[in-house]
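Structure, as structure tokens:
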Amino acid sequence: MKKVFFGLFIILSYIFIVGIFFTNKMMYIKKKTDKEIIERETMLELYNQEEFDALEKKHFSIPSRFGYLLKGSLIEPHGTNRYIILCHGVTVNRLNSVKYMNLFIQKGWNVLIYDHRRHGESGGKTTSYGHYEKFDLQSIVHWLKQEAGDSIVLGIHGESMGAVTTLLYAGMVEDGADFYIADCPFSELEAQLLYRLKAEFKIPSFLVMPIAKPFVQLRDRYSLKEVSPINSVVNINSPVLFIHSKDDDYIPSQMTQQLYDKKIGTKKLYIAEKGSHAMSYADNREDYSKVIDDFFTEIGL
């Protein structure tokens, strides 16, 4: 009998340790500091502190439906009704969006940058890889349309987790933007976790995923299956530009290909020849910019 109880204790301990460890890694993923982001972006010549400081910004703070505040900045250098919202990736914040902000400002667009939940100055206790973030994006869209008017031409650009958030939002009933740009998203959170589990931990998935999935549901109140751009993309009516680096070894470019194939209606795909994860623009600046111009031309902008 003691052996039975001891065996049960070992099994329950393993389940608890694995469940807590992997969900902590997900929910409380380590974030980069402002200093780290600025140093990296400055080194890549994608960020200039003096130029950024010189821009006139309208800082805002709006409530999320989940009880915290979302912080961001609206930059309106142009007297136009064209606006684009930028959604950053996991571990960074709106400072990482400055390179894209500069790109779109050069193209004549006003820009909104903001911090996702649990990133930068925004509140929120956990990172949900697009699940709760899509509702926060919805709140950002509503605020911008109240601020600038319902008649604006609106685009949303997302990178990595921000691209997932963008696609999940776009697949909601609302479909509130005129176009979307999704740079290096994953197709499904569960598939991405399986890929990273194999790459980082070399552990068979059957020893982790059956435990991690119910722990996420229990601790953060959502299912991994709900974070599925591949299911959302079929509901997107507006045009989508999909972007990914061919050699991305963090999120495989095949995932973007799957999303592109599944999207119905107007769409465009750009697979960058150079660049690791989330580096398509940094390593292919002229091509990246031209692809966006071509996309705008194709959709009548």
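Chain labels A, B, ... are given in the sequence in which chains occur in the structure tokens; within each chain residues are numbered consecutively from 1, and ligands are likewise numbered from 1 in the order shown.
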
Item checked: Long-range neighbours of Val90 of chain A as an MDAnalysis selection string, 12 Å cut-off, only C-alpha atoms, 6 positions minimum in chain -> chainID A and resid 26:32 96:97 115:120 126:130 133 158:165 185 277:278

Next item on the list: Taking the chain letters and numbering used in this document, name the residues of segment 28-101 of chain A that DSSP puts in strand (DSSP E), as a list in words.
Entry: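 Matching residues for strand (DSSP E) in segment 28-101 of chain A are Lys58, His59, Phe60, Ser61, Ile62, Pro63, Leu69, Leu70, Lys71, Gly72, Ser73, Leu74, Ile75, Arg82, Tyr83, Ile84, Ile85, Leu86 and Cys87 of chain A.
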
List as a compact mmCIF listing (two decimals) with N, CA and C atoms, in the first residue's frame the protein and nucleic acid residues near segment 50-52 of chain A, meaning an atom at most 10 Å away when only C-alpha atoms are counted, but skip any in the same chain fewer than 4 places from it.
```
# COMPACT_ATOMS: atom_id res chain seq x y z
N GLU A 56 5.57 65.00 -31.97
CA GLU A 56 4.46 65.37 -31.10
C GLU A 56 3.58 64.14 -30.89
N LYS A 57 3.34 63.81 -29.63
CA LYS A 57 2.59 62.59 -29.31
C LYS A 57 1.42 62.92 -28.40
N LEU A 95 8.04 50.63 -27.88
CA LEU A 95 9.31 51.14 -28.42
C LEU A 95 9.78 50.29 -29.60
N VAL A 98 8.52 51.48 -33.04
CA VAL A 98 8.94 52.78 -33.57
C VAL A 98 9.47 52.65 -35.00
N ASN A 102 7.96 54.85 -38.03
CA ASN A 102 8.71 55.72 -38.94
C ASN A 102 8.40 55.38 -40.39
```

Item checked: Within 9 Å of segment 135-140 of chain A using only C-alpha atoms, minus same-chain residues under 6 positions, as a PyMOL selection string -> chain A and resi 62-66+70+85+87+114+116-117+165-166+169+174+176

Output all heavy atoms for every residue in the selection just made, as a CSV table (one decimal), in the first residue's frame.
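Everything below was put into again-v7.csv:
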```
chain,number,residue,atom,x,y,z
A,62,ILE,N,-6.5,54.0,-21.6
A,62,ILE,CA,-7.9,53.6,-21.7
A,62,ILE,C,-8.1,52.3,-21.0
A,62,ILE,O,-7.2,51.5,-20.9
A,62,ILE,CB,-8.3,53.5,-23.2
A,62,ILE,CG1,-7.6,52.4,-23.9
A,62,ILE,CG2,-8.1,54.8,-23.9
A,62,ILE,CD1,-8.1,52.1,-25.3
A,63,PRO,N,-9.3,52.1,-20.5
A,63,PRO,CA,-9.6,50.9,-19.8
A,63,PRO,C,-9.7,49.6,-20.7
A,63,PRO,O,-10.4,49.7,-21.7
A,63,PRO,CB,-10.9,51.2,-19.0
A,63,PRO,CG,-11.6,52.2,-19.9
A,63,PRO,CD,-10.5,53.0,-20.5
A,64,SER,N,-9.1,48.6,-20.2
A,64,SER,CA,-9.4,47.3,-20.8
A,64,SER,C,-10.6,46.7,-20.2
A,64,SER,O,-10.9,47.0,-19.0
A,64,SER,CB,-8.2,46.3,-20.6
A,64,SER,OG,-8.6,45.0,-20.8
A,65,ARG,N,-11.3,45.8,-20.9
A,65,ARG,CA,-12.5,45.2,-20.3
A,65,ARG,C,-12.2,44.3,-19.2
A,65,ARG,O,-13.0,43.8,-18.4
A,65,ARG,CB,-13.3,44.4,-21.4
A,65,ARG,CG,-12.6,43.2,-21.9
A,65,ARG,CD,-13.5,42.4,-22.8
A,65,ARG,NE,-13.8,43.0,-24.0
A,65,ARG,CZ,-14.6,42.5,-25.0
A,65,ARG,NH1,-15.2,41.3,-24.8
A,65,ARG,NH2,-14.9,43.2,-26.1
A,66,PHE,N,-10.8,44.0,-19.0
A,66,PHE,CA,-10.4,43.0,-18.0
A,66,PHE,C,-9.9,43.7,-16.8
A,66,PHE,O,-9.2,43.1,-15.9
A,66,PHE,CB,-9.3,42.1,-18.6
A,66,PHE,CG,-9.8,41.4,-19.8
A,66,PHE,CD1,-9.3,41.7,-21.1
A,66,PHE,CD2,-10.8,40.4,-19.7
A,66,PHE,CE1,-9.7,41.0,-22.2
A,66,PHE,CE2,-11.3,39.8,-20.9
A,66,PHE,CZ,-10.7,40.1,-22.1
A,70,LEU,N,-4.7,50.3,-20.6
A,70,LEU,CA,-3.9,50.2,-21.8
A,70,LEU,C,-3.2,51.6,-22.1
A,70,LEU,O,-4.0,52.6,-22.2
A,70,LEU,CB,-4.7,49.7,-23.0
A,70,LEU,CG,-5.4,48.3,-22.8
A,70,LEU,CD1,-6.4,48.1,-23.9
A,70,LEU,CD2,-4.3,47.2,-22.9
A,85,ILE,N,-2.6,51.2,-36.7
A,85,ILE,CA,-2.3,50.7,-35.4
A,85,ILE,C,-1.2,49.7,-35.4
A,85,ILE,O,-1.3,48.8,-36.3
A,85,ILE,CB,-3.6,50.2,-34.7
A,85,ILE,CG1,-4.6,51.2,-34.5
A,85,ILE,CG2,-3.2,49.6,-33.3
A,85,ILE,CD1,-6.0,50.7,-34.1
A,87,CYS,N,1.0,46.7,-33.5
A,87,CYS,CA,0.9,45.7,-32.4
A,87,CYS,C,2.3,45.0,-32.3
A,87,CYS,O,2.7,44.3,-33.2
A,87,CYS,CB,-0.2,44.7,-32.6
A,87,CYS,SG,-1.8,45.4,-32.8
A,114,TYR,N,1.0,51.2,-29.0
A,114,TYR,CA,0.5,51.0,-27.6
A,114,TYR,C,1.2,49.7,-27.1
A,114,TYR,O,1.8,48.9,-27.8
A,114,TYR,CB,-1.0,50.8,-27.6
A,114,TYR,CG,-1.6,49.5,-28.1
A,114,TYR,CD1,-2.0,48.6,-27.2
A,114,TYR,CD2,-1.7,49.3,-29.4
A,114,TYR,CE1,-2.6,47.4,-27.6
A,114,TYR,CE2,-2.2,48.1,-29.9
A,114,TYR,CZ,-2.7,47.1,-28.9
A,114,TYR,OH,-3.2,45.9,-29.4
A,116,HIS,N,0.9,46.1,-25.2
A,116,HIS,CA,0.0,45.0,-24.9
A,116,HIS,C,-0.1,44.8,-23.4
A,116,HIS,O,0.8,45.3,-22.6
A,116,HIS,CB,0.4,43.7,-25.6
A,116,HIS,CG,0.2,43.7,-27.0
A,116,HIS,ND1,-1.0,43.8,-27.6
A,116,HIS,CD2,1.1,43.6,-28.1
A,116,HIS,CE1,-0.9,43.7,-28.9
A,116,HIS,NE2,0.4,43.6,-29.2
A,117,ARG,N,-1.1,44.1,-22.9
A,117,ARG,CA,-1.2,43.7,-21.5
A,117,ARG,C,0.1,43.1,-21.0
A,117,ARG,O,0.8,42.3,-21.7
A,117,ARG,CB,-2.4,42.8,-21.3
A,117,ARG,CG,-2.3,41.5,-22.0
A,117,ARG,CD,-3.5,40.6,-21.8
A,117,ARG,NE,-3.4,39.7,-20.6
A,117,ARG,CZ,-4.4,39.4,-19.8
A,117,ARG,NH1,-5.5,40.0,-19.9
A,117,ARG,NH2,-4.2,38.6,-18.8
A,165,THR,N,-2.4,38.5,-32.6
A,165,THR,CA,-3.5,39.4,-32.0
A,165,THR,C,-4.3,40.1,-33.2
A,165,THR,O,-5.5,40.1,-33.1
A,165,THR,CB,-2.9,40.4,-31.1
A,165,THR,OG1,-2.1,39.8,-30.1
A,165,THR,CG2,-3.9,41.4,-30.5
A,166,THR,N,-3.5,40.6,-34.2
A,166,THR,CA,-4.2,41.2,-35.3
A,166,THR,C,-5.1,40.3,-36.0
A,166,THR,O,-6.3,40.7,-36.3
A,166,THR,CB,-3.1,41.8,-36.3
A,166,THR,OG1,-2.3,42.8,-35.6
A,166,THR,CG2,-3.7,42.3,-37.5
A,169,TYR,N,-8.2,39.3,-33.9
A,169,TYR,CA,-9.1,40.5,-33.9
A,169,TYR,C,-9.8,40.5,-35.2
A,169,TYR,O,-11.1,40.7,-35.2
A,169,TYR,CB,-8.4,41.8,-33.6
A,169,TYR,CG,-9.3,43.0,-33.9
A,169,TYR,CD1,-10.3,43.3,-33.0
A,169,TYR,CD2,-9.1,43.7,-35.1
A,169,TYR,CE1,-11.1,44.4,-33.3
A,169,TYR,CE2,-9.9,44.8,-35.4
A,169,TYR,CZ,-10.9,45.1,-34.5
A,169,TYR,OH,-11.7,46.2,-34.8
A,174,GLU,N,-16.6,41.7,-35.8
A,174,GLU,CA,-16.5,43.2,-36.1
A,174,GLU,C,-15.7,43.5,-37.3
A,174,GLU,O,-16.1,44.3,-38.2
A,174,GLU,CB,-15.8,43.8,-34.9
A,174,GLU,CG,-15.6,45.3,-35.0
A,174,GLU,CD,-15.0,45.9,-33.7
A,174,GLU,OE1,-15.6,45.7,-32.7
A,174,GLU,OE2,-13.9,46.6,-33.8
A,176,GLY,N,-12.9,45.3,-37.9
A,176,GLY,CA,-13.0,46.7,-37.9
A,176,GLY,C,-12.0,47.5,-38.6
A,176,GLY,O,-12.0,48.8,-38.5
```

For segment 13-85 of chain A against segment 216-225 of chain A, with a cut-off of 12 Å and counting only C-alpha atoms, what is the closest atom pair and its distance in Å to one decimal for every residue that makes the cut, ordered by chain and number, as JSON lines?
```
{"residue": "A:Val18", "atom": "CA", "partner": "A:Val216", "partner_atom": "CA", "distance": 11.8}
{"residue": "A:Gly19", "atom": "CA", "partner": "A:Val216", "partner_atom": "CA", "distance": 8.3}
{"residue": "A:Ile20", "atom": "CA", "partner": "A:Val216", "partner_atom": "CA", "distance": 9.2}
{"residue": "A:Phe21", "atom": "CA", "partner": "A:Val216", "partner_atom": "CA", "distance": 11.2}
{"residue": "A:Phe22", "atom": "CA", "partner": "A:Val216", "partner_atom": "CA", "distance": 9.2}
{"residue": "A:Thr23", "atom": "CA", "partner": "A:Val216", "partner_atom": "CA", "distance": 6.1}
{"residue": "A:Asn24", "atom": "CA", "partner": "A:Val216", "partner_atom": "CA", "distance": 9.3}
{"residue": "A:Lys25", "atom": "CA", "partner": "A:Val216", "partner_atom": "CA", "distance": 11.0}
{"residue": "A:Met26", "atom": "CA", "partner": "A:Val216", "partner_atom": "CA", "distance": 8.9}
{"residue": "A:Met27", "atom": "CA", "partner": "A:Asp220", "partner_atom": "CA", "distance": 8.0}
{"residue": "A:Tyr28", "atom": "CA", "partner": "A:Asp220", "partner_atom": "CA", "distance": 11.2}
```

Written selection (N, CA, C and O atoms) as a PDB file, in the first residue's frame:
```
ATOM      1  N   VAL A  18       5.379  20.006 -13.574  1.00  0.00           N
ATOM      2  CA  VAL A  18       5.364  20.269 -15.014  1.00  0.00           C
ATOM      3  C   VAL A  18       4.313  21.328 -15.349  1.00  0.00           C
ATOM      4  O   VAL A  18       4.576  22.268 -16.108  1.00  0.00           O
ATOM      5  N   GLY A  19       3.129  21.187 -14.782  1.00  0.00           N
ATOM      6  CA  GLY A  19       2.046  22.141 -15.061  1.00  0.00           C
ATOM      7  C   GLY A  19       2.401  23.552 -14.661  1.00  0.00           C
ATOM      8  O   GLY A  19       2.217  24.502 -15.426  1.00  0.00           O
ATOM      9  N   ILE A  20       2.942  23.703 -13.447  1.00  0.00           N
ATOM     10  CA  ILE A  20       3.299  25.042 -12.955  1.00  0.00           C
ATOM     11  C   ILE A  20       4.493  25.601 -13.723  1.00  0.00           C
ATOM     12  O   ILE A  20       4.501  26.764 -14.143  1.00  0.00           O
ATOM     13  N   PHE A  21       5.504  24.778 -13.967  1.00  0.00           N
ATOM     14  CA  PHE A  21       6.717  25.263 -14.636  1.00  0.00           C
ATOM     15  C   PHE A  21       6.409  25.785 -16.032  1.00  0.00           C
ATOM     16  O   PHE A  21       6.798  26.904 -16.395  1.00  0.00           O
ATOM     17  N   PHE A  22       5.718  24.991 -16.835  1.00  0.00           N
ATOM     18  CA  PHE A  22       5.496  25.387 -18.229  1.00  0.00           C
ATOM     19  C   PHE A  22       4.458  26.494 -18.356  1.00  0.00           C
ATOM     20  O   PHE A  22       4.573  27.349 -19.239  1.00  0.00           O
ATOM     21  N   THR A  23       3.460  26.514 -17.505  1.00  0.00           N
ATOM     22  CA  THR A  23       2.503  27.619 -17.588  1.00  0.00           C
ATOM     23  C   THR A  23       3.113  28.914 -17.061  1.00  0.00           C
ATOM     24  O   THR A  23       2.796  29.996 -17.561  1.00  0.00           O
ATOM     25  N   ASN A  24       4.001  28.821 -16.080  1.00  0.00           N
ATOM     26  CA  ASN A  24       4.726  30.024 -15.648  1.00  0.00           C
ATOM     27  C   ASN A  24       5.583  30.577 -16.779  1.00  0.00           C
ATOM     28  O   ASN A  24       5.663  31.799 -16.981  1.00  0.00           O
ATOM     29  N   LYS A  25       6.254  29.673 -17.509  1.00  0.00           N
ATOM     30  CA  LYS A  25       7.076  30.101 -18.642  1.00  0.00           C
ATOM     31  C   LYS A  25       6.230  30.847 -19.671  1.00  0.00           C
ATOM     32  O   LYS A  25       6.684  31.806 -20.293  1.00  0.00           O
ATOM     33  N   MET A  26       5.002  30.397 -19.869  1.00  0.00           N
ATOM     34  CA  MET A  26       4.103  31.032 -20.831  1.00  0.00           C
ATOM     35  C   MET A  26       3.526  32.338 -20.295  1.00  0.00           C
ATOM     36  O   MET A  26       3.660  33.391 -20.910  1.00  0.00           O
ATOM     37  N   MET A  27       2.895  32.257 -19.155  1.00  0.00           N
ATOM     38  CA  MET A  27       2.126  33.382 -18.627  1.00  0.00           C
ATOM     39  C   MET A  27       3.010  34.545 -18.185  1.00  0.00           C
ATOM     40  O   MET A  27       2.611  35.709 -18.298  1.00  0.00           O
ATOM     41  N   TYR A  28       4.201  34.213 -17.689  1.00  0.00           N
ATOM     42  CA  TYR A  28       5.083  35.246 -17.148  1.00  0.00           C
ATOM     43  C   TYR A  28       6.414  35.280 -17.895  1.00  0.00           C
ATOM     44  O   TYR A  28       7.479  35.430 -17.284  1.00  0.00           O
TER      45      TYR A  28
END
```
